[in-house]
Each structure stands twice: as C-alpha cells, then as structure tokens.
>>> print(open('entry04.pdb').read())   # PDB, C-alpha atoms
ATOM      1  CA  MET W   1      51.676  31.697   4.873  1.00  0.00           C
ATOM      2  CA  SER W   2      51.851  28.152   3.696  1.00  0.00           C
ATOM      3  CA  TYR W   3      53.523  25.622   1.470  1.00  0.00           C
ATOM      4  CA  SER W   4      51.934  23.209  -0.962  1.00  0.00           C
ATOM      5  CA  VAL W   5      53.420  19.905  -2.081  1.00  0.00           C
ATOM      6  CA  SER W   6      53.425  18.763  -5.703  1.00  0.00           C
ATOM      7  CA  PHE W   7      54.454  15.254  -6.666  1.00  0.00           C
ATOM      8  CA  PRO W   8      53.996  12.913  -9.668  1.00  0.00           C
ATOM      9  CA  CYS W   9      53.334   9.790  -7.580  1.00  0.00           C
ATOM     10  CA  ASN W  10      49.873   9.078  -8.991  1.00  0.00           C
ATOM     11  CA  VAL W  11      51.396   8.094 -12.372  1.00  0.00           C
ATOM     12  CA  CYS W  12      54.143   5.832 -10.967  1.00  0.00           C
ATOM     13  CA  VAL W  13      54.043   2.050 -10.543  1.00  0.00           C
ATOM     14  CA  LEU W  14      55.893   2.473  -7.232  1.00  0.00           C
ATOM     15  CA  MET W  15      53.245   4.762  -5.667  1.00  0.00           C
ATOM     16  CA  ASN W  16      52.030   2.113  -3.183  1.00  0.00           C
ATOM     17  CA  LYS W  17      55.554   1.101  -2.118  1.00  0.00           C
ATOM     18  CA  CYS W  18      57.331   4.449  -1.805  1.00  0.00           C
ATOM     19  CA  ASN W  19      57.007   6.545   1.371  1.00  0.00           C
ATOM     20  CA  ASP W  20      59.065   9.559   0.265  1.00  0.00           C
ATOM     21  CA  ARG W  21      55.989  11.672  -0.452  1.00  0.00           C
ATOM     22  CA  HIS W  22      54.671  11.034   3.065  1.00  0.00           C
ATOM     23  CA  PHE W  23      57.946  12.165   4.669  1.00  0.00           C
ATOM     24  CA  ILE W  24      57.927  15.366   2.616  1.00  0.00           C
ATOM     25  CA  GLU W  25      54.275  16.053   3.453  1.00  0.00           C
ATOM     26  CA  GLY W  26      55.116  15.442   7.125  1.00  0.00           C
ATOM     27  CA  ALA W  27      57.893  18.003   6.995  1.00  0.00           C
ATOM     28  CA  VAL W  28      55.550  20.571   5.449  1.00  0.00           C
ATOM     29  CA  ASN W  29      52.909  19.781   8.088  1.00  0.00           C
ATOM     30  CA  GLY W  30      55.592  20.301  10.749  1.00  0.00           C
ATOM     31  CA  ILE W  31      56.353  23.740   9.338  1.00  0.00           C
ATOM     32  CA  HIS W  32      52.640  24.597   9.315  1.00  0.00           C
ATOM     33  CA  SER W  33      52.309  23.530  12.954  1.00  0.00           C
ATOM     34  CA  VAL W  34      54.588  26.389  14.034  1.00  0.00           C
ATOM     35  CA  TYR W  35      52.145  29.108  15.012  1.00  0.00           C
ATOM     36  CA  PRO W  36      52.147  32.030  15.354  1.00  0.00           C
ATOM     37  CA  SER W  37      54.544  32.961  12.579  1.00  0.00           C
ATOM     38  CA  SER W  38      56.604  34.969  15.064  1.00  0.00           C
ATOM     39  CA  LYS W  39      58.016  31.595  16.166  1.00  0.00           C
ATOM     40  CA  GLY W  40      59.683  30.986  12.826  1.00  0.00           C
ATOM     41  CA  HIS W  41      57.218  30.039  10.064  1.00  0.00           C
ATOM     42  CA  LEU W  42      57.640  32.972   7.710  1.00  0.00           C
ATOM     43  CA  GLY W  43      57.920  31.328   4.290  1.00  0.00           C
ATOM     44  CA  ALA W  44      55.486  30.209   1.639  1.00  0.00           C
ATOM     45  CA  GLY W  45      55.683  28.436  -1.682  1.00  0.00           C
ATOM     46  CA  GLU W  46      55.599  25.047  -3.316  1.00  0.00           C
ATOM     47  CA  VAL W  47      57.708  21.965  -2.659  1.00  0.00           C
ATOM     48  CA  GLU W  48      57.894  20.015  -5.900  1.00  0.00           C
ATOM     49  CA  LEU W  49      59.128  16.424  -5.970  1.00  0.00           C
ATOM     50  CA  HIS W  50      60.928  15.448  -9.189  1.00  0.00           C
ATOM     51  CA  CYS W  51      61.592  11.773  -8.583  1.00  0.00           C
ATOM     52  CA  GLN W  52      64.488  10.299 -10.552  1.00  0.00           C
ATOM     53  CA  ASN W  53      63.122   6.800  -9.931  1.00  0.00           C
ATOM     54  CA  LEU W  54      59.691   7.496 -11.413  1.00  0.00           C
ATOM     55  CA  GLN W  55      58.401   4.474 -13.309  1.00  0.00           C
ATOM     56  CA  PRO W  56      55.395   5.552 -15.388  1.00  0.00           C
ATOM     57  CA  ILE W  57      52.322   3.331 -15.214  1.00  0.00           C
ATOM     58  CA  ASN W  58      51.896   3.771 -18.971  1.00  0.00           C
ATOM     59  CA  PRO W  59      55.362   4.367 -20.509  1.00  0.00           C
ATOM     60  CA  GLU W  60      53.852   5.047 -23.971  1.00  0.00           C
ATOM     61  CA  GLU W  61      52.195   8.231 -22.641  1.00  0.00           C
ATOM     62  CA  SER W  62      55.437   9.532 -21.110  1.00  0.00           C
ATOM     63  CA  GLY W  63      57.495   9.149 -24.271  1.00  0.00           C
ATOM     64  CA  GLN W  64      59.805   6.528 -22.756  1.00  0.00           C
TER      65      GLN W  64
END
>>> encode(input="entry04.pdb", output="structure tokens")
Amino acid sequence: MSYSVSFPCNVCVLMNKCNDRHFIEGAVNGIHSVYPSSKGHLGAGEVELHCQNLQPINPEESGQ
C-alpha cells in the first residue's frame, strides 16, 4: 500500500522558495517507513496539493 503526492509546483514562480511540498513528501515518506503494515500503515491513495498561493509562471496560459 502506498500514497503518491501530486502538486502543481513546477508551474509556480515560487517553486524555488516554497518548502511546503517537501514537508508533505516527508510526511508521506514517514508513513511509508512504517513496515510491516501490521504496525499501522494500512492506507493508500493520493495526496493532492491545491495551493491557494500559486503564482503561475505564465499567467496567460492559466486564464488569469
């Protein structure tokens, strides 16, 4: 069982300044480090980051 992380950071002007994605990936990695699953890691799915502070690199393409 595992989780994936989805985030729009590669299209944001803040991608080199913001660490939020790294904290979320760290939390998912922490969940994956619990093995065997009998110790608590029983879920699976996708963690999707919808950043409200997203600043598109090319605003014309985003419709803003």
>>> atom_distance(input="entry04.pdb", atom1="CA of His32 in chain W", atom2="CA of Asn53 in chain W")
28.2 Å
>>> residues_around(input="entry04.pdb", residues="His22 in chain W", least_positions_apart="4", cutoff="12 Å", atoms="all atoms listed in the file", output="list of chain:residue names")
W:Val5, W:Ser6, W:Phe7, W:Cys9, W:Met15, W:Asn16, W:Lys17, W:Cys18, W:Gly26, W:Ala27, W:Val28, W:Asn29, W:Leu49
>>> residues_near_point(input="entry04.pdb", point="(59.1, 26.4, -1.5)", cutoff="9 Å", atoms="all atoms listed in the file", output="ChimeraX atom specification")
/W:3-5,43-48
>>> atom_distance(input="entry04.pdb", atom1="CA of Gly30 in chain W", atom2="CA of Val13 in chain W")
28.1 Å
>>> resolve_selection(input="entry04.pdb", expression="the PyMOL selection byres ((chain W and resi 55) around 7)", output="PyMOL selection string")
chain W and resi 12-14+53-54+56-57
>>> axis_aligned_box(input="entry04.pdb", around="range 17-30 of chain W", padding_each_side="4 Å", output="lines of an AutoDock Vina configuration file")
center_x = 56.0
center_y = 10.8
center_z = 4.3
size_x = 14.2
size_y = 27.5
size_z = 20.9
>>> atom_distance(input="entry04.pdb", atom1="CA of His50 in chain W", atom2="CA of Pro8 in chain W")
7.4 Å
>>> closest_residue(input="entry04.pdb", among="W:Met1, W:Ile31, W:Val11, W:Ile24", to="Pro59 in chain W", atoms="all atoms listed in the file")
W:Val11
